[in-house]
Amino acid sequence: MTSQRALDIAALQQELARAGYVAEPSLAAALLLMRDLERPLLLEGDAGVGKTEVAKVLADINGTRLIRLQCYEGLDAHAAMYEWNYQRQLLAIKLLEHDERAGAKDLAQKEQDIFSERYLLKRPLLEAISDERAPVLLIDEIDRADAAFEAYLLELLSDFQISIPELGTVRAKTRPLVVITSNGTRELSDALRRRCLYQYIDYPDYDKELAIVRKKAPEAEARLAQQIVAFVQAVRRMELQKKPGIAETLDWTAALLRLGISVIDIDGAERIMDTLSALIKTRDDRVAFPREVVARLAAAC
Amino acid sequence: MLSASERLVQFPGFLRANGFGVGGGDAVQALRAAERSGVLDQDVLRWSLKALLCRRGDEWQRFDELFEAWFLPANRWQAPQRRGAGDGAQSAAHPGGEGEGDRPDDDDARPRRTASREEALTSADFSALTEREHAIEIEALMRRFARQLKSIRLRREARARRGRRLDLPGTIRRSVASGGTPFHLLWRNHRSVRPRLVLLIDVSRSMVLYSFFYLRLARALAAELADVHSFIFHTRVTSVSQALHDPDPWRAQERLHLVAQGWAGGTRIGESLEQFNREHAPRVVHGRTAVIILSDGYDTGEPQQLSDALVQLRRRARRVAWINPLSSRPGYAPVCQGMQAAMPHLDLLAPGGDLASLRAVLPELIEALH
């Protein structure tokens, strides 16, 4: 028998597919649960398997804004949450100084004015919780930020509020849907993991990748798409420094189409060699693809 | 026979017994999730619980089997799964996994796949790891090392002498005293960024006198610095960061036992480094990483392979240093093939068989990591 939830999952999958994302049912189930339990979703997996895309498409189907916080080394709370607009504040102080009418009485009023929302620069995290409609907050590559920043983030993720000393505590009007991605360059803290739902995204299998290519590059003929995917899957099985991701597959498809290559076979190995730069991104890996290897792979497709 | 909801509530405990990092509150969450997803459709329940209860890649790989063991046949659940070598330390190094085959099988296959004539399958006595002897000296030395590392600044802004940046929040706060006129300017401090350290410790038979000493160094160093990654190698390379850096010394020993397969066996440095380049380096080594290899350089593999692997590693890392316990002996010359092959690609080759020689070499090492 089919439960109501299974139907929901299938419906969500279809909705995602309409927005251009081929999702496995387990991902759809996690997205539903994320809505139910109001928890962030932590996505892990190699670069290029479509982690960031999940957040984009989620914003798309919910019809909300995507607020993106790209993490980097040295990212601090100011760049991520809020900052006072000091230049404007200084200017305002100067203007108020020359305002003759101002007495000592409304000094407090002035101070309050200078630390009001008008002088506040909202950075992604503050922006995400002060939006009227729950946006999708994408915290991209969190493993690049330092552990100290993770601690800041935990406060936000547990209470959905940010305290600004001069202004008070800003509470979330609506809870944003939070998607966190990590490439695993640094081990994340257990505290963060505990608060999140988890999803590991692997390289797509043949069927899934074919579906993605058909969706994203509909101009490629069915036969060519099958060959492309078979070729890429074979490349991924080789020992490479950098395995091609889905983005590389799509780039390569575009390159092949651009050159007017409509079939992958041994005779076309020379022309395929010309396009491999879209698929293979390091010099050492490129060396692993002499003409014979490409011809053999092409023949097997 | 347990009822369905009891079975569900006890599932997180079962996962914990199998090495999952689930906590006490997860049982309630699991019930809530099951309420939403329904318990009739097995796949839906599985997907929901998987998203909820998994925390990292290796758990993700093992979940399906445990789920089936717990929920499907009622007679299998009492046998807890063996905590494989993949638990924690090792599999953290394989978040990508190979994609094929499930994790527990992989564990079973591992010793067989890698056992060789040269490998001693005896397990070492790890109690030496927390020996009290010299513990204070080691800790003091590593603290000093950590402190000196903090003085290394790798940011570009550290190089730029001219042009400081104004610390506006501080300046304004200070200007309160002078009625809002910023007489005293505050300047932003340059943030110093330490290099990340990757330690590759040779634990082959010829290193048996030194490997424990180096493991203790690594453990003490990890207590001081956040960004230290430790690996051991003999005929292959294994991450020991999580096992070694466990704050509980007893548990650290336990976990090391699990990854100690092949301890004190033969050495294939080139092959190990190649494996490191392939499996770990893309994640762990970046442009401000200092790789420190602790080995005597006795290699049974091809020297060419070692030199190729080092070239590749050198390109990815910021510095590669090699600490050789033998080279502090009088009359030592790096004549063994391994060292010969490695020499041209190193930023520093330093002796370091004991505390005294390490202490002596510390300034040089710090200098090389700059």
# chains A, B, ... in the order shown; residues from 1 in each chain; ligands from 1

$ interface_residues --of "chain B" --to "chain A" --cutoff "8 Å" --atoms "only C-alpha atoms" --output "PyMOL selection string"
chain B and resi 22+33+36-38+40-41+44+47-48+50-57+60+95-96+99+168-169+180+278+282-284

$ select_by_dssp --residues "range 41-200 of chain A" --states "helix (DSSP H, G or I)" --output "JSON, numbers by chain"
{"A": [51, 52, 53, 54, 55, 56, 57, 58, 59, 60, 61, 62, 77, 78, 79, 80, 86, 87, 88, 89, 90, 91, 92, 93, 94, 95, 96, 97, 107, 108, 109, 110, 111, 112, 113, 114, 117, 118, 119, 124, 125, 126, 127, 128, 129, 142, 143, 144, 147, 148, 149, 150, 151, 152, 153, 154, 155, 156, 157, 158, 159, 190, 191, 192, 193, 194, 195]}

$ atom_distance --atom1 "CA of Leu177 in chain A" --atom2 "CA of Arg123 in chain A"
16.9 Å

$ closest_residue --among "A:Val179, A:Leu156, A:Ala59, A:Leu259" --to "Asp140 in chain A" --atoms "only C-alpha atoms"
A:Val179

$ closest_residue --among "A:Ala222, A:Leu276, A:Glu127, A:Arg291" --to "Ala80 in chain A" --atoms "only C-alpha atoms"
A:Glu127

$ atom_distance --atom1 "CA of Thr289 in chain B" --atom2 "CA of Leu197 in chain B"
5.8 Å

$ residues_around --residues "Leu349 in chain B" --least-positions-apart "2" --cutoff "8 Å" --atoms "only C-alpha atoms" --output "PDB file with N, CA and C atoms, in the first residue's frame"
ATOM      1  N   ALA B 321      58.299  19.183   5.137  1.00  0.00           N
ATOM      2  CA  ALA B 321      59.492  18.967   5.961  1.00  0.00           C
ATOM      3  C   ALA B 321      59.563  17.491   6.313  1.00  0.00           C
ATOM      4  N   TRP B 322      60.759  17.019   6.519  1.00  0.00           N
ATOM      5  CA  TRP B 322      60.961  15.605   6.842  1.00  0.00           C
ATOM      6  C   TRP B 322      61.806  15.532   8.102  1.00  0.00           C
ATOM      7  N   ILE B 323      61.287  14.867   9.110  1.00  0.00           N
ATOM      8  CA  ILE B 323      62.074  14.684  10.330  1.00  0.00           C
ATOM      9  C   ILE B 323      62.521  13.238  10.387  1.00  0.00           C
ATOM     10  N   ASN B 324      63.816  13.058  10.427  1.00  0.00           N
ATOM     11  CA  ASN B 324      64.381  11.719  10.383  1.00  0.00           C
ATOM     12  C   ASN B 324      65.061  11.395  11.709  1.00  0.00           C
ATOM     13  N   MET B 343      65.170  13.805  -0.963  1.00  0.00           N
ATOM     14  CA  MET B 343      65.924  15.024  -0.660  1.00  0.00           C
ATOM     15  C   MET B 343      65.619  16.240  -1.539  1.00  0.00           C
ATOM     16  N   LEU B 346      62.358  18.409  -0.623  1.00  0.00           N
ATOM     17  CA  LEU B 346      62.010  18.800   0.738  1.00  0.00           C
ATOM     18  C   LEU B 346      62.440  20.231   1.023  1.00  0.00           C
ATOM     19  N   ASP B 347      61.651  20.912   1.848  1.00  0.00           N
ATOM     20  CA  ASP B 347      62.061  22.228   2.297  1.00  0.00           C
ATOM     21  C   ASP B 347      63.033  22.112   3.447  1.00  0.00           C
ATOM     22  N   PRO B 351      66.944  16.314  11.870  1.00  0.00           N
ATOM     23  CA  PRO B 351      67.005  15.170  12.767  1.00  0.00           C
ATOM     24  C   PRO B 351      65.972  15.337  13.877  1.00  0.00           C
TER      25      PRO B 351
END

$ select_by_dssp --residues "range 130-353 of chain B" --states "strand (DSSP E or B)" --output "VMD selection string"
chain B and resid 166 187 196 to 202 228 to 233 237 to 239 289 to 294 319 to 324 348 to 351

$ atom_distance --atom1 "CA of Leu69 in chain A" --atom2 "CA of Ile212 in chain A"
26.3 Å

$ residues_around --residues "Ala222 in chain B" --least-positions-apart "3" --cutoff "10 Å" --atoms "only C-alpha atoms" --output "PDB file with N, CA and C atoms, in the first residue's frame"
ATOM      1  N   MET B 142      55.683  20.916  22.928  1.00  0.00           N
ATOM      2  CA  MET B 142      54.656  21.129  21.911  1.00  0.00           C
ATOM      3  C   MET B 142      53.946  22.467  22.118  1.00  0.00           C
ATOM      4  N   ALA B 146      53.670  25.243  19.393  1.00  0.00           N
ATOM      5  CA  ALA B 146      52.391  25.833  19.014  1.00  0.00           C
ATOM      6  C   ALA B 146      52.442  27.350  19.125  1.00  0.00           C
ATOM      7  N   LEU B 197      48.743  22.006   9.946  1.00  0.00           N
ATOM      8  CA  LEU B 197      49.785  20.996  10.028  1.00  0.00           C
ATOM      9  C   LEU B 197      49.236  19.624   9.672  1.00  0.00           C
ATOM     10  N   ARG B 216      52.930  10.421  20.431  1.00  0.00           N
ATOM     11  CA  ARG B 216      52.682  11.244  21.607  1.00  0.00           C
ATOM     12  C   ARG B 216      52.874  12.714  21.280  1.00  0.00           C
ATOM     13  N   LEU B 217      53.864  13.006  20.450  1.00  0.00           N
ATOM     14  CA  LEU B 217      54.046  14.384  19.997  1.00  0.00           C
ATOM     15  C   LEU B 217      52.788  14.874  19.297  1.00  0.00           C
ATOM     16  N   ALA B 218      52.286  14.036  18.397  1.00  0.00           N
ATOM     17  CA  ALA B 218      51.115  14.432  17.620  1.00  0.00           C
ATOM     18  C   ALA B 218      49.933  14.675  18.549  1.00  0.00           C
ATOM     19  N   ARG B 219      49.806  13.821  19.551  1.00  0.00           N
ATOM     20  CA  ARG B 219      48.692  13.949  20.472  1.00  0.00           C
ATOM     21  C   ARG B 219      48.802  15.237  21.293  1.00  0.00           C
ATOM     22  N   LEU B 225      46.802  22.844  19.330  1.00  0.00           N
ATOM     23  CA  LEU B 225      46.384  23.507  18.098  1.00  0.00           C
ATOM     24  C   LEU B 225      45.131  22.834  17.540  1.00  0.00           C
ATOM     25  N   ALA B 226      44.287  23.642  16.939  1.00  0.00           N
ATOM     26  CA  ALA B 226      43.048  23.067  16.419  1.00  0.00           C
ATOM     27  C   ALA B 226      43.276  22.369  15.078  1.00  0.00           C
ATOM     28  N   ASP B 227      44.166  22.914  14.296  1.00  0.00           N
ATOM     29  CA  ASP B 227      44.229  22.492  12.897  1.00  0.00           C
ATOM     30  C   ASP B 227      45.381  21.529  12.639  1.00  0.00           C
ATOM     31  N   VAL B 228      45.352  20.404  13.309  1.00  0.00           N
ATOM     32  CA  VAL B 228      46.391  19.398  13.116  1.00  0.00           C
ATOM     33  C   VAL B 228      45.735  18.121  12.605  1.00  0.00           C
ATOM     34  N   HIS B 229      46.283  17.554  11.548  1.00  0.00           N
ATOM     35  CA  HIS B 229      45.753  16.303  11.019  1.00  0.00           C
ATOM     36  C   HIS B 229      46.859  15.261  11.048  1.00  0.00           C
ATOM     37  N   SER B 230      46.586  14.125  11.656  1.00  0.00           N
ATOM     38  CA  SER B 230      47.632  13.115  11.797  1.00  0.00           C
ATOM     39  C   SER B 230      47.289  11.861  11.013  1.00  0.00           C
ATOM     40  N   SER B 241      43.610  10.986  13.108  1.00  0.00           N
ATOM     41  CA  SER B 241      43.313  12.241  13.797  1.00  0.00           C
ATOM     42  C   SER B 241      42.279  12.041  14.882  1.00  0.00           C
ATOM     43  N   LEU B 244      43.499   9.628  17.691  1.00  0.00           N
ATOM     44  CA  LEU B 244      44.618  10.142  18.462  1.00  0.00           C
ATOM     45  C   LEU B 244      44.231  11.369  19.268  1.00  0.00           C
ATOM     46  N   HIS B 245      43.367  12.173  18.724  1.00  0.00           N
ATOM     47  CA  HIS B 245      43.062  13.445  19.366  1.00  0.00           C
ATOM     48  C   HIS B 245      41.873  13.336  20.313  1.00  0.00           C
ATOM     49  N   ASP B 246      41.432  12.132  20.564  1.00  0.00           N
ATOM     50  CA  ASP B 246      40.352  11.942  21.523  1.00  0.00           C
ATOM     51  C   ASP B 246      40.833  12.413  22.897  1.00  0.00           C
ATOM     52  N   PRO B 247      40.060  13.322  23.526  1.00  0.00           N
ATOM     53  CA  PRO B 247      40.528  13.841  24.811  1.00  0.00           C
ATOM     54  C   PRO B 247      40.624  12.759  25.892  1.00  0.00           C
TER      55      PRO B 247
END
